[in-house]
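Below is structure-v8.cif, which holds mmCIF, C-alpha atoms.
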data_data
#
loop_
_atom_site.label_atom_id
_atom_site.label_comp_id
_atom_site.auth_asym_id
_atom_site.auth_seq_id
_atom_site.Cartn_x
_atom_site.Cartn_y
_atom_site.Cartn_z
CA MET A 1 -23.18 -28.43 6.96
CA THR A 2 -26.65 -26.96 6.67
CA ARG A 3 -27.57 -24.07 4.40
CA ASP A 4 -27.63 -21.74 7.40
CA GLU A 5 -24.17 -22.82 8.50
CA ILE A 6 -22.82 -22.30 5.00
CA ARG A 7 -24.47 -18.91 4.92
CA ASP A 8 -22.61 -18.01 8.13
CA VAL A 9 -19.31 -19.11 6.60
CA VAL A 10 -19.91 -16.87 3.58
CA LEU A 11 -20.90 -13.91 5.76
CA GLN A 12 -17.82 -14.38 7.93
CA ALA A 13 -15.60 -14.41 4.85
CA LEU A 14 -17.24 -11.23 3.59
CA THR A 15 -17.02 -9.31 6.87
CA LYS A 16 -13.38 -10.29 7.25
CA ILE A 17 -12.66 -8.45 4.00
CA ALA A 18 -15.19 -5.66 4.60
CA PRO A 19 -15.28 -5.28 8.39
CA GLU A 20 -17.46 -2.16 8.30
CA VAL A 21 -20.36 -4.08 6.75
CA ASP A 22 -23.30 -5.22 8.90
CA PRO A 23 -24.06 -8.77 7.72
CA ALA A 24 -27.78 -8.21 8.34
CA SER A 25 -27.76 -5.39 5.77
CA ILE A 26 -26.56 -7.58 2.89
CA ALA A 27 -29.29 -8.00 0.28
CA PRO A 28 -29.28 -11.72 -0.61
CA ALA A 29 -30.07 -11.36 -4.31
CA VAL A 30 -27.94 -8.33 -5.20
CA SER A 31 -24.37 -8.58 -6.51
CA LEU A 32 -21.96 -8.75 -3.57
CA ARG A 33 -19.24 -6.96 -5.49
CA ASP A 34 -21.53 -4.01 -6.14
CA GLN A 35 -23.11 -3.67 -2.72
CA LEU A 36 -19.90 -4.24 -0.74
CA ASP A 37 -17.52 -2.50 -3.17
CA LEU A 38 -15.30 -5.57 -3.56
CA ASP A 39 -12.55 -5.57 -6.20
CA SER A 40 -11.15 -8.70 -7.84
CA ILE A 41 -8.51 -9.12 -5.15
CA ASP A 42 -11.11 -8.85 -2.38
CA PHE A 43 -13.29 -11.34 -4.23
CA LEU A 44 -10.39 -13.80 -4.60
CA ASN A 45 -9.71 -13.46 -0.87
CA VAL A 46 -13.37 -14.16 -0.08
CA VAL A 47 -13.36 -17.28 -2.28
CA LEU A 48 -10.11 -18.42 -0.63
CA ALA A 49 -11.53 -17.96 2.87
CA ILE A 50 -14.62 -20.01 1.94
CA HIS A 51 -12.44 -22.70 0.40
CA GLU A 52 -10.33 -22.92 3.56
CA ARG A 53 -13.37 -23.25 5.83
CA LEU A 54 -15.39 -25.71 3.70
CA GLY A 55 -12.61 -27.55 1.86
CA VAL A 56 -14.63 -27.18 -1.35
CA GLU A 57 -12.77 -26.71 -4.64
CA ILE A 58 -14.13 -23.72 -6.55
CA PRO A 59 -13.02 -23.58 -10.20
CA GLU A 60 -12.60 -20.10 -11.69
CA ALA A 61 -15.32 -20.89 -14.23
CA ASP A 62 -17.79 -21.09 -11.32
CA TYR A 63 -17.00 -17.67 -9.82
CA ALA A 64 -20.09 -16.24 -11.51
CA LYS A 65 -22.24 -18.52 -9.33
CA LEU A 66 -20.91 -16.78 -6.21
CA LEU A 67 -21.95 -13.30 -7.23
CA THR A 68 -24.87 -13.02 -4.77
CA LEU A 69 -25.29 -14.32 -1.23
CA ASN A 70 -28.18 -16.62 -2.25
CA GLY A 71 -26.24 -17.84 -5.28
CA ALA A 72 -23.16 -18.59 -3.19
CA VAL A 73 -25.09 -20.53 -0.54
CA THR A 74 -26.97 -22.61 -3.15
CA TYR A 75 -23.78 -23.34 -5.10
CA LEU A 76 -21.72 -24.26 -2.03
CA THR A 77 -24.48 -26.44 -0.56
CA ALA A 78 -24.70 -28.45 -3.79
CA ARG A 79 -20.94 -28.52 -4.17
CA GLN A 80 -20.42 -29.78 -0.63
CA ALA A 81 -22.96 -32.57 -1.11
CA ALA A 82 -21.39 -33.70 -4.39
CA PRO A 83 -18.96 -36.61 -4.06
CA ARG A 84 -15.30 -35.63 -4.29
CA GLN A 85 -13.61 -36.59 -7.51
CA MET B 1 12.92 8.86 10.49
CA PRO B 2 12.71 7.80 6.84
CA LEU B 3 10.85 9.76 4.19
CA LEU B 4 7.90 7.51 3.30
CA GLY B 5 6.39 9.52 0.48
CA ALA B 6 6.81 13.01 -0.94
CA ASP B 7 4.22 14.43 1.42
CA MET B 8 5.55 13.16 4.76
CA GLU B 9 7.08 15.62 7.23
CA ALA B 10 7.17 13.75 10.53
CA GLY B 11 6.35 10.44 12.19
CA THR B 12 5.60 9.22 15.70
CA LEU B 13 7.55 6.31 17.15
CA VAL B 14 5.00 3.70 18.23
CA GLU B 15 7.04 0.66 19.14
CA TRP B 16 10.63 -0.62 19.18
CA LEU B 17 10.80 -4.28 18.12
CA LYS B 18 14.58 -4.51 18.68
CA HIS B 19 16.51 -3.39 21.73
CA PRO B 20 20.09 -2.22 22.35
CA GLY B 21 22.42 -5.21 22.06
CA ASP B 22 20.14 -7.09 19.64
CA GLU B 23 21.65 -8.27 16.38
CA VAL B 24 19.81 -6.90 13.33
CA HIS B 25 19.84 -8.03 9.70
CA ARG B 26 19.00 -6.28 6.49
CA GLY B 27 15.22 -6.46 6.03
CA ASP B 28 14.40 -6.95 9.73
CA ILE B 29 11.59 -4.83 11.08
CA ILE B 30 13.10 -2.73 13.81
CA ALA B 31 10.31 -0.32 14.76
CA VAL B 32 6.79 0.84 13.97
CA VAL B 33 6.03 4.50 13.28
CA ASP B 34 2.68 6.20 12.86
CA THR B 35 2.23 8.50 9.86
CA GLN B 36 -0.61 10.13 7.99
CA LYS B 37 -0.80 6.90 6.00
CA GLY B 38 -1.22 4.71 9.06
CA ALA B 39 1.26 2.59 11.00
CA ILE B 40 4.37 1.68 8.98
CA GLU B 41 6.94 -0.99 9.83
CA ILE B 42 10.49 0.37 9.61
CA GLU B 43 13.09 -1.95 8.11
CA VAL B 44 16.85 -2.12 8.67
CA PHE B 45 19.14 -1.66 5.66
CA GLU B 46 22.34 -3.17 7.04
CA ASN B 47 23.56 -5.98 9.24
CA GLY B 48 24.91 -5.17 12.67
CA VAL B 49 24.05 -4.69 16.31
CA LEU B 50 21.56 -2.15 17.60
CA ASP B 51 23.81 0.11 19.68
CA SER B 52 21.42 2.70 21.03
CA ILE B 53 17.93 4.08 20.57
CA ALA B 54 17.66 7.85 20.13
CA VAL B 55 13.91 8.40 19.95
CA PRO B 56 11.66 7.01 22.69
CA VAL B 57 8.22 5.55 22.11
CA GLY B 58 5.50 8.17 21.82
CA GLN B 59 7.71 10.93 20.42
CA LYS B 60 6.96 12.65 17.11
CA VAL B 61 10.08 13.64 15.16
CA PRO B 62 10.70 15.23 11.75
CA VAL B 63 11.87 13.23 8.73
CA GLY B 64 15.66 12.84 8.82
CA THR B 65 15.94 12.51 12.62
CA VAL B 66 18.29 9.73 13.77
CA LEU B 67 16.09 7.02 15.33
CA ALA B 68 18.83 4.64 16.46
CA VAL B 69 22.50 3.79 15.95
CA ILE B 70 23.54 0.45 14.46
CA ARG B 71 27.17 -0.64 14.61
CA GLY B 72 28.87 -3.37 12.62
CA VAL B 73 29.27 -6.73 14.35
CA GLY B 74 32.46 -6.63 16.45
CA GLU B 75 32.79 -2.82 16.30
CA PRO B 76 33.11 -1.10 19.66
CA GLY B 77 30.06 0.77 20.87
CA ALA B 78 29.76 4.34 19.60
CA PRO B 79 29.17 7.16 22.03
CA PRO B 80 25.45 7.21 22.68
CA VAL B 81 23.34 9.69 20.80
CA PRO B 82 21.75 12.03 23.31
CA VAL B 83 18.16 11.08 23.82
CA ARG B 84 15.95 13.88 22.54
CA PRO B 85 14.22 15.82 25.29
CA PRO B 86 10.71 14.56 25.92
CA ALA B 87 7.78 16.34 24.36
CA PRO B 88 6.69 19.54 26.09
CA ALA B 89 4.93 18.90 29.38
CA PRO B 90 1.19 18.33 29.05
CA PRO B 91 -1.07 21.13 30.27
CA ALA B 92 -1.76 21.28 33.97
CA GLU B 93 -3.80 18.39 35.30
CA PRO B 94 -7.50 18.98 35.83
CA ALA B 95 -8.60 19.89 39.33
CA VAL B 96 -9.97 16.40 39.92
CA ARG B 97 -7.18 13.93 39.30
CA PRO B 98 -8.45 10.76 37.64
CA ARG B 99 -7.88 7.68 39.79
CA ALA B 100 -4.93 5.82 38.36
CA SER B 101 -2.29 3.41 39.58
CA PRO B 102 1.25 4.84 39.98
CA ALA B 103 2.48 2.65 37.10
CA ALA B 104 -0.36 3.94 34.91
CA ARG B 105 0.48 7.53 35.84
CA GLN B 106 4.15 7.06 34.99
CA ALA B 107 3.35 5.35 31.70
CA ALA B 108 0.87 8.09 30.83
CA SER B 109 3.49 10.79 31.18
CA THR B 110 6.07 8.77 29.18
CA LEU B 111 3.61 7.94 26.42
CA GLY B 112 1.99 11.37 26.35
CA VAL B 113 -1.47 10.02 27.22
CA ASP B 114 -4.01 12.38 28.83
CA LEU B 115 -5.41 10.43 31.78
CA ALA B 116 -8.60 12.49 31.72
CA ARG B 117 -9.44 10.86 28.42
CA VAL B 118 -8.79 7.26 29.47
CA ALA B 119 -11.62 5.01 30.66
CA GLY B 120 -10.46 3.04 33.69
CA THR B 121 -11.17 -0.69 34.03
CA GLY B 122 -9.52 -1.21 37.45
CA PRO B 123 -11.18 -1.36 40.87
CA GLY B 124 -13.60 1.55 41.31
CA GLY B 125 -12.96 2.65 37.73
CA ALA B 126 -9.27 3.32 38.37
CA ILE B 127 -7.03 3.57 35.32
CA THR B 128 -4.59 0.68 35.03
CA LEU B 129 -1.30 0.40 33.15
CA ALA B 130 -3.06 -1.70 30.50
CA ASP B 131 -5.67 1.04 30.00
CA VAL B 132 -2.93 3.61 29.37
CA GLU B 133 -1.08 1.34 26.98
CA ALA B 134 -4.28 0.64 25.06
CA ALA B 135 -5.02 4.38 24.85
CA ALA B 136 -1.48 5.12 23.62
CA LYS B 137 -1.68 2.60 20.83
CA PRO B 138 -2.71 4.38 17.64
CA ALA B 139 -5.06 2.42 15.47
CA GLY B 140 -2.97 0.74 12.80
CA ALA B 141 -5.48 1.53 10.13
CA PRO B 142 -4.93 4.80 8.32
CA LYS B 143 -6.92 7.79 9.51
CA PRO B 144 -9.11 9.17 6.70
CA ALA B 145 -8.71 12.89 7.50
CA ALA B 146 -4.93 12.74 7.81
CA MET B 147 -4.66 10.63 4.69
CA ARG B 148 -6.87 13.06 2.77
CA SER B 149 -4.51 15.93 3.56
CA ALA B 150 -1.47 13.80 2.61
CA ILE B 151 -3.05 13.01 -0.76
CA ALA B 152 -4.05 16.66 -1.21
CA ALA B 153 -0.48 17.83 -0.62
CA ALA B 154 1.11 15.30 -2.98
CA MET B 155 -1.41 15.72 -5.79
CA ALA B 156 -1.44 19.52 -5.61
CA ARG B 157 2.36 19.54 -5.73
CA SER B 158 2.28 17.19 -8.70
CA LYS B 159 -0.11 19.32 -10.75
CA ARG B 160 1.74 22.51 -9.72
CA GLU B 161 5.22 21.27 -10.63
CA ILE B 162 4.89 18.50 -13.20
CA PRO B 163 3.99 19.29 -16.82
CA HIS B 164 1.97 16.15 -17.52
CA TYR B 165 1.46 14.74 -21.01
CA TYR B 166 -1.13 12.02 -21.61
CA LEU B 167 -1.19 9.13 -24.11
CA SER B 168 -3.57 6.22 -24.55
CA THR B 169 -3.65 2.92 -26.45
CA ALA B 170 -6.35 0.26 -26.80
CA ILE B 171 -4.79 -3.17 -26.24
CA ASP B 172 -6.29 -6.49 -27.40
CA LEU B 173 -6.11 -8.90 -24.45
CA GLY B 174 -7.51 -11.92 -26.33
CA ALA B 175 -4.29 -13.92 -26.08
CA ALA B 176 -3.60 -12.88 -22.50
CA MET B 177 -7.09 -13.70 -21.21
CA ALA B 178 -7.21 -17.07 -22.98
CA TRP B 179 -3.82 -17.99 -21.54
CA LEU B 180 -4.90 -16.85 -18.09
CA ARG B 181 -8.11 -18.88 -18.16
CA ALA B 182 -6.26 -22.03 -19.19
CA ALA B 183 -3.50 -21.48 -16.63
CA ASN B 184 -6.01 -20.97 -13.81
CA GLU B 185 -7.87 -24.20 -14.57
CA ALA B 186 -4.84 -26.17 -13.47
CA ARG B 187 -4.02 -23.98 -10.49
CA PRO B 188 -5.21 -24.38 -6.89
CA LEU B 189 -7.27 -21.48 -5.57
CA ASP B 190 -4.51 -19.79 -3.64
CA ASP B 191 -2.21 -19.81 -6.66
CA ARG B 192 -4.59 -18.40 -9.28
CA LEU B 193 -3.59 -15.44 -11.42
CA LEU B 194 -5.37 -12.13 -11.75
CA PRO B 195 -5.34 -10.18 -15.03
CA VAL B 196 -3.85 -7.17 -13.25
CA ALA B 197 -0.68 -9.18 -12.55
CA LEU B 198 -0.12 -9.59 -16.31
CA LEU B 199 -0.66 -5.86 -16.83
CA ILE B 200 1.83 -4.96 -14.10
CA LYS B 201 4.39 -7.44 -15.44
CA ALA B 202 4.06 -6.03 -18.95
CA VAL B 203 4.61 -2.48 -17.67
CA ALA B 204 7.65 -3.58 -15.67
CA LEU B 205 9.23 -5.37 -18.65
CA GLY B 206 8.36 -2.46 -20.95
CA LEU B 207 10.21 -0.05 -18.65
CA ARG B 208 13.46 -1.92 -19.38
CA GLU B 209 13.12 -0.61 -22.92
CA VAL B 210 12.20 2.95 -21.88
CA PRO B 211 14.25 3.59 -18.73
CA GLU B 212 13.64 7.35 -18.76
CA LEU B 213 10.13 6.70 -17.42
CA ASN B 214 11.43 4.70 -14.44
CA GLY B 215 12.95 6.90 -11.77
CA PHE B 216 12.74 10.28 -10.11
CA TRP B 217 12.90 13.97 -10.91
CA VAL B 218 15.14 15.43 -8.19
CA ASN B 219 17.15 18.66 -7.94
CA GLY B 220 16.20 19.78 -11.42
CA GLY B 221 17.25 16.57 -13.18
CA PHE B 222 16.15 13.03 -13.95
CA GLN B 223 17.65 10.26 -11.86
CA PRO B 224 17.06 6.80 -13.36
CA ALA B 225 16.19 4.11 -10.82
CA PRO B 226 18.52 1.08 -10.61
CA ALA B 227 15.56 -1.33 -10.30
CA ILE B 228 11.91 -1.50 -11.33
CA HIS B 229 9.61 -1.24 -8.32
CA VAL B 230 6.00 -0.82 -9.42
CA GLY B 231 3.81 1.17 -7.03
CA CYS B 232 0.26 -0.21 -7.09
CA ALA B 233 -2.49 2.28 -6.33
CA ILE B 234 -4.72 0.61 -3.72
CA SER B 235 -7.92 2.29 -2.61
CA LEU B 236 -8.78 1.85 1.04
CA ARG B 237 -12.18 0.98 2.40
CA GLY B 238 -13.53 4.16 3.92
CA GLY B 239 -11.57 6.38 1.55
CA GLY B 240 -8.00 7.22 0.73
CA LEU B 241 -5.28 5.65 -1.32
CA VAL B 242 -1.79 4.24 -0.96
CA ALA B 243 0.60 3.04 -3.67
CA PRO B 244 3.06 0.59 -2.09
CA ALA B 245 5.75 -0.99 -4.25
CA LEU B 246 5.95 -4.48 -5.72
CA HIS B 247 9.73 -4.79 -5.65
CA ASP B 248 11.61 -5.95 -8.79
CA ALA B 249 8.31 -6.55 -10.59
CA ASP B 250 10.16 -7.14 -13.90
CA LYS B 251 11.85 -10.22 -12.44
CA LYS B 252 8.82 -11.92 -10.88
CA ALA B 253 6.41 -14.45 -12.39
CA PRO B 254 2.73 -13.40 -12.66
CA ALA B 255 1.83 -15.93 -9.94
CA THR B 256 4.30 -14.32 -7.55
CA LEU B 257 3.02 -10.85 -8.44
CA THR B 258 -0.59 -11.92 -7.80
CA ARG B 259 0.32 -13.37 -4.42
CA GLU B 260 2.35 -10.31 -3.41
CA LEU B 261 -0.40 -7.97 -4.60
CA ARG B 262 -2.99 -9.81 -2.53
CA ASP B 263 -0.71 -9.52 0.47
CA LEU B 264 -0.08 -5.79 -0.21
CA VAL B 265 -3.81 -5.07 -0.49
CA ALA B 266 -4.54 -6.87 2.77
CA ARG B 267 -1.74 -5.07 4.60
CA ALA B 268 -2.51 -1.67 3.07
CA ARG B 269 -6.04 -1.94 4.39
CA SER B 270 -5.06 -3.17 7.85
CA GLY B 271 -2.30 -0.58 8.15
CA SER B 272 0.85 -2.70 8.27
CA LEU B 273 2.91 -1.67 5.27
CA ARG B 274 6.71 -1.65 5.44
CA SER B 275 8.88 1.42 5.00
CA SER B 276 10.57 0.09 1.84
CA GLU B 277 7.17 -0.54 0.24
CA LEU B 278 6.11 3.07 0.75
CA ALA B 279 9.41 4.68 -0.17
CA ASP B 280 10.73 2.59 -3.07
CA ALA B 281 8.21 2.76 -5.94
CA THR B 282 9.84 3.99 -9.16
CA ILE B 283 6.59 4.27 -11.17
CA THR B 284 2.90 3.86 -10.31
CA VAL B 285 0.24 1.67 -11.93
CA THR B 286 -3.42 2.41 -11.30
CA ASN B 287 -6.15 0.00 -12.29
CA LEU B 288 -9.58 1.61 -12.18
CA GLY B 289 -11.25 -0.86 -14.49
CA GLU B 290 -13.09 -2.55 -11.66
CA GLN B 291 -15.19 0.58 -11.18
CA GLY B 292 -16.25 0.23 -14.76
CA VAL B 293 -14.34 3.19 -16.19
CA ASP B 294 -12.98 2.88 -19.71
CA ALA B 295 -9.68 4.67 -19.07
CA ALA B 296 -7.82 6.25 -16.16
CA TYR B 297 -5.75 9.42 -16.69
CA GLY B 298 -3.70 9.66 -13.53
CA ILE B 299 -1.67 12.25 -11.66
CA ILE B 300 2.01 11.40 -11.25
CA TYR B 301 3.15 10.71 -7.68
CA PRO B 302 6.21 12.93 -7.21
CA PRO B 303 9.15 12.54 -7.44
CA GLN B 304 8.24 9.73 -9.88
CA VAL B 305 8.01 10.72 -13.54
CA ALA B 306 5.30 8.44 -14.94
CA LEU B 307 2.03 6.70 -14.13
CA VAL B 308 0.33 3.98 -16.17
CA GLY B 309 -3.45 3.63 -15.91
CA PHE B 310 -5.67 0.74 -16.96
CA GLY B 311 -9.41 0.85 -17.50
CA ARG B 312 -11.93 -1.97 -17.66
CA ILE B 313 -11.24 -5.10 -19.69
CA ALA B 314 -14.37 -5.21 -21.83
CA ASP B 315 -15.58 -7.10 -24.90
CA ARG B 316 -15.60 -4.65 -27.82
CA PRO B 317 -15.78 -4.80 -31.58
CA ALA B 318 -12.26 -4.70 -32.97
CA VAL B 319 -10.65 -5.29 -36.32
CA ALA B 320 -8.49 -8.42 -36.42
CA ASP B 321 -7.17 -9.99 -39.64
CA GLY B 322 -9.25 -7.62 -41.75
CA ARG B 323 -12.53 -8.56 -40.03
CA VAL B 324 -14.57 -7.12 -37.23
CA ALA B 325 -14.55 -9.43 -34.23
CA ILE B 326 -15.49 -9.20 -30.55
CA ARG B 327 -12.33 -9.02 -28.48
CA PRO B 328 -11.48 -8.27 -24.83
CA ILE B 329 -9.94 -4.79 -24.96
CA VAL B 330 -8.27 -2.67 -22.28
CA THR B 331 -7.30 0.98 -22.63
CA ALA B 332 -3.82 1.69 -21.26
CA THR B 333 -2.86 5.29 -20.56
CA LEU B 334 0.39 6.96 -19.69
CA ALA B 335 0.82 10.17 -17.72
CA GLY B 336 4.39 11.30 -18.32
CA ASP B 337 6.49 14.09 -16.82
CA HIS B 338 7.47 16.20 -19.83
CA ARG B 339 10.59 17.43 -18.03
CA ALA B 340 11.95 13.88 -17.98
CA SER B 341 10.65 12.41 -21.24
CA ASP B 342 8.84 13.26 -24.46
CA GLY B 343 5.64 11.84 -25.89
CA HIS B 344 7.60 9.87 -28.44
CA ARG B 345 9.33 7.82 -25.73
CA GLY B 346 6.12 7.55 -23.76
CA GLY B 347 4.49 6.05 -26.84
CA ARG B 348 7.30 3.50 -26.95
CA LEU B 349 6.36 2.28 -23.48
CA LEU B 350 2.68 1.78 -24.35
CA ALA B 351 3.67 0.03 -27.59
CA ALA B 352 5.98 -2.28 -25.64
CA VAL B 353 3.21 -3.08 -23.10
CA ASP B 354 0.89 -3.94 -26.01
CA ARG B 355 3.50 -6.17 -27.69
CA LEU B 356 4.39 -7.96 -24.43
CA LEU B 357 0.73 -8.72 -23.66
CA GLN B 358 0.37 -10.49 -27.02
CA GLU B 359 2.80 -13.16 -25.77
CA PRO B 360 1.54 -13.99 -22.29
CA THR B 361 3.69 -17.11 -21.93
CA ALA B 362 6.78 -14.88 -21.96
CA LEU B 363 5.50 -12.73 -19.08
#
Produce structure tokens that represent the structure in this file.
Amino acid sequence: MTRDEIRDVVLQALTKIAPEVDPASIAPAVSLRDQLDLDSIDFLNVVLAIHERLGVEIPEADYAKLLTLNGAVTYLTARQAAPRQ
Amino acid sequence: MPLLGADMEAGTLVEWLKHPGDEVHRGDIIAVVDTQKGAIEIEVFENGVLDSIAVPVGQKVPVGTVLAVIRGVGEPGAPPVPVRPPAPAPPAEPAVRPRASPAARQAASTLGVDLARVAGTGPGGAITLADVEAAAKPAGAPKPAAMRSAIAAAMARSKREIPHYYLSTAIDLGAAMAWLRAANEARPLDDRLLPVALLIKAVALGLREVPELNGFWVNGGFQPAPAIHVGCAISLRGGGLVAPALHDADKKAPATLTRELRDLVARARSGSLRSSELADATITVTNLGEQGVDAAYGIIYPPQVALVGFGRIADRPAVADGRVAIRPIVTATLAGDHRASDGHRGGRLLAAVDRLLQEPTAL
């Protein structure tokens, strides 16, 4: 998947949890939890939705890398390219 | 029509999922009703056969109204309950009758839909049966204005009637968070634990030791609850709040509680909670730490007699083994109903929650 496709997957996961949000209004470098008012359960559900779509394992220790839209896309792109263990 | 919260007076029947002659089992969802808190699925509490339906779809009835009659398997049919008269006739039709098919017109009068307000999708803009059915279907998601007035009624009643006392304790979560981190490393994503599940479990186990905080104040006296069902305050996107119950929280593993909480949050926000979840909570837990607050001093949800609040889990300087160290600390608070318990017993609950969180493997 390309960066743009991964970005779409992340946006879809976010708007599923926060349907009132316009994806175009999401600032790519600002904390998603702050700008979309996500709590830890919402965040877990977002991570789960991404995992289901991409099949990428996301350890809890890496959650901090998913805090912004840009961060999430960069992390998932690298993670997807990495060989499976 | 079940009472689904202290503030509910009436509900509107939206859909029957079972029909006369159908066998029903305890826990089955038999109907959907619309309330100020959104659409709620109504569960059956006994096994039997649905004999007759007493309230048709679209009708609003007060709490306590018989919705349907269920007879035991093999029992002869009971005399039917008279169907309640339909709602008062709608006001006279406008001078220009909207174009609508006969089936749509009939459905509109049964469902109480005003045809003048329905957009037709049929030939020439005529209103079809499907249009009427779509118009009659209330949005499952809770309606902010109605929910606001439900919260206003319950909270005002609480502060008017309940003499609250407040206690707070700072709890060291070092052991709990370390255990959680290690446990999550080995767990697949959909089975990972959230800290709030440990907090809820500790409250539920602590209530076994202080049963006078678990139950209801009714008819001038305290009525202990036979089980521990923890109501979890869930804020809704767009405003409002519901506190559905995690049933038998003292008997469930933290992984189960996390999973059930995730499911509750999703269903609370989409408006598909079940009647038992809204009616059964015996205490409420509110977790406002995610908003960054240090402590939450809550208002008891009547007729419950206690509410436990948690603030943010934050690294703070704390004294451990005679030295100052940085530890993850959470402030737990208790709002207690002074008619049902005294501060001394309330303190016992917070002390028990603290002690239980020091041994996370036992949760």
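One finds CA of Asn70 (chain A) at 15.8 Å from CA of Met1 (chain A).
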Fill in: Explicit residues for the PyMOL selection byres ((chain A) within 10 of (chain B)) (as a ChimeraX atom specification)
/A:17-20,33-34,36-42,44-45,47-49,51-52,57-61
Apply the PyMOL selection byres ((chain B and resi 144-149) around 10) to the structure shown and report the selected residues as a PDB file with C-alpha atoms, keeping the file's coordinate frame.
ATOM      1  CA  ASP B   7       4.220  14.430   1.420  1.00  0.00           C
ATOM      2  CA  THR B  35       2.230   8.500   9.860  1.00  0.00           C
ATOM      3  CA  GLN B  36      -0.610  10.130   7.990  1.00  0.00           C
ATOM      4  CA  LYS B  37      -0.800   6.900   6.000  1.00  0.00           C
ATOM      5  CA  GLY B  38      -1.220   4.710   9.060  1.00  0.00           C
ATOM      6  CA  ALA B 141      -5.480   1.530  10.130  1.00  0.00           C
ATOM      7  CA  PRO B 142      -4.930   4.800   8.320  1.00  0.00           C
ATOM      8  CA  LYS B 143      -6.920   7.790   9.510  1.00  0.00           C
ATOM      9  CA  ALA B 150      -1.470  13.800   2.610  1.00  0.00           C
ATOM     10  CA  ILE B 151      -3.050  13.010  -0.760  1.00  0.00           C
ATOM     11  CA  ALA B 152      -4.050  16.660  -1.210  1.00  0.00           C
ATOM     12  CA  ALA B 153      -0.480  17.830  -0.620  1.00  0.00           C
ATOM     13  CA  ALA B 154       1.110  15.300  -2.980  1.00  0.00           C
ATOM     14  CA  MET B 155      -1.410  15.720  -5.790  1.00  0.00           C
ATOM     15  CA  LEU B 236      -8.780   1.850   1.040  1.00  0.00           C
ATOM     16  CA  ARG B 237     -12.180   0.980   2.400  1.00  0.00           C
ATOM     17  CA  GLY B 238     -13.530   4.160   3.920  1.00  0.00           C
ATOM     18  CA  GLY B 239     -11.570   6.380   1.550  1.00  0.00           C
ATOM     19  CA  GLY B 240      -8.000   7.220   0.730  1.00  0.00           C
ATOM     20  CA  LEU B 241      -5.280   5.650  -1.320  1.00  0.00           C
ATOM     21  CA  VAL B 242      -1.790   4.240  -0.960  1.00  0.00           C
TER      22      VAL B 242
END
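Straight-line separation from CA of Ala100 (chain B) to CA of Lys60 (chain B): 25.3 Å.
Compared by their closest atoms to Ala64 (chain A), and using all atoms listed in the file, the residues A:Gln12, A:Ser31, A:Ser25, A:Thr2 rank with A:Ser31 nearest.
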Could you tell me, as a PDB file with C-alpha atoms, in the frame of the given file, exactly which residues end up selected when the PyMOL selection byres ((chain B and resi 336) around 9) is applied to this structure?
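Resulting contents of out_22.pdb:
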ATOM      1  CA  ILE B 162       4.890  18.500 -13.200  1.00  0.00           C
ATOM      2  CA  PRO B 163       3.990  19.290 -16.820  1.00  0.00           C
ATOM      3  CA  HIS B 164       1.970  16.150 -17.520  1.00  0.00           C
ATOM      4  CA  TYR B 165       1.460  14.740 -21.010  1.00  0.00           C
ATOM      5  CA  TYR B 166      -1.130  12.020 -21.610  1.00  0.00           C
ATOM      6  CA  LEU B 167      -1.190   9.130 -24.110  1.00  0.00           C
ATOM      7  CA  LEU B 213      10.130   6.700 -17.420  1.00  0.00           C
ATOM      8  CA  ILE B 300       2.010  11.400 -11.250  1.00  0.00           C
ATOM      9  CA  VAL B 305       8.010  10.720 -13.540  1.00  0.00           C
ATOM     10  CA  ALA B 306       5.300   8.440 -14.940  1.00  0.00           C
ATOM     11  CA  LEU B 307       2.030   6.700 -14.130  1.00  0.00           C
ATOM     12  CA  VAL B 308       0.330   3.980 -16.170  1.00  0.00           C
ATOM     13  CA  LEU B 334       0.390   6.960 -19.690  1.00  0.00           C
ATOM     14  CA  ALA B 335       0.820  10.170 -17.720  1.00  0.00           C
ATOM     15  CA  ASP B 337       6.490  14.090 -16.820  1.00  0.00           C
ATOM     16  CA  HIS B 338       7.470  16.200 -19.830  1.00  0.00           C
ATOM     17  CA  ARG B 339      10.590  17.430 -18.030  1.00  0.00           C
ATOM     18  CA  ALA B 340      11.950  13.880 -17.980  1.00  0.00           C
ATOM     19  CA  SER B 341      10.650  12.410 -21.240  1.00  0.00           C
ATOM     20  CA  ASP B 342       8.840  13.260 -24.460  1.00  0.00           C
ATOM     21  CA  GLY B 343       5.640  11.840 -25.890  1.00  0.00           C
ATOM     22  CA  GLY B 346       6.120   7.550 -23.760  1.00  0.00           C
TER      23      GLY B 346
END
Can you pull region 35-39 of chain B out of that block with N, CA and C atoms and hand it back as a CSV table (one decimal), in the first residue's frame?
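Result written to decode.csv:
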chain,number,residue,atom,x,y,z
B,35,THR,N,-36.3,6.4,24.1
B,35,THR,CA,-36.4,7.1,25.3
B,35,THR,C,-35.6,8.4,25.2
B,36,GLN,N,-35.5,9.2,26.2
B,36,GLN,CA,-34.7,10.4,26.2
B,36,GLN,C,-33.2,10.0,26.0
B,37,LYS,N,-32.9,8.8,26.4
B,37,LYS,CA,-31.5,8.4,26.3
B,37,LYS,C,-31.2,7.6,25.0
B,38,GLY,N,-32.1,7.7,24.0
B,38,GLY,CA,-31.9,7.0,22.7
B,38,GLY,C,-32.7,5.7,22.7
B,39,ALA,N,-32.5,4.9,21.6
B,39,ALA,CA,-33.2,3.7,21.5
B,39,ALA,C,-32.6,2.6,22.4
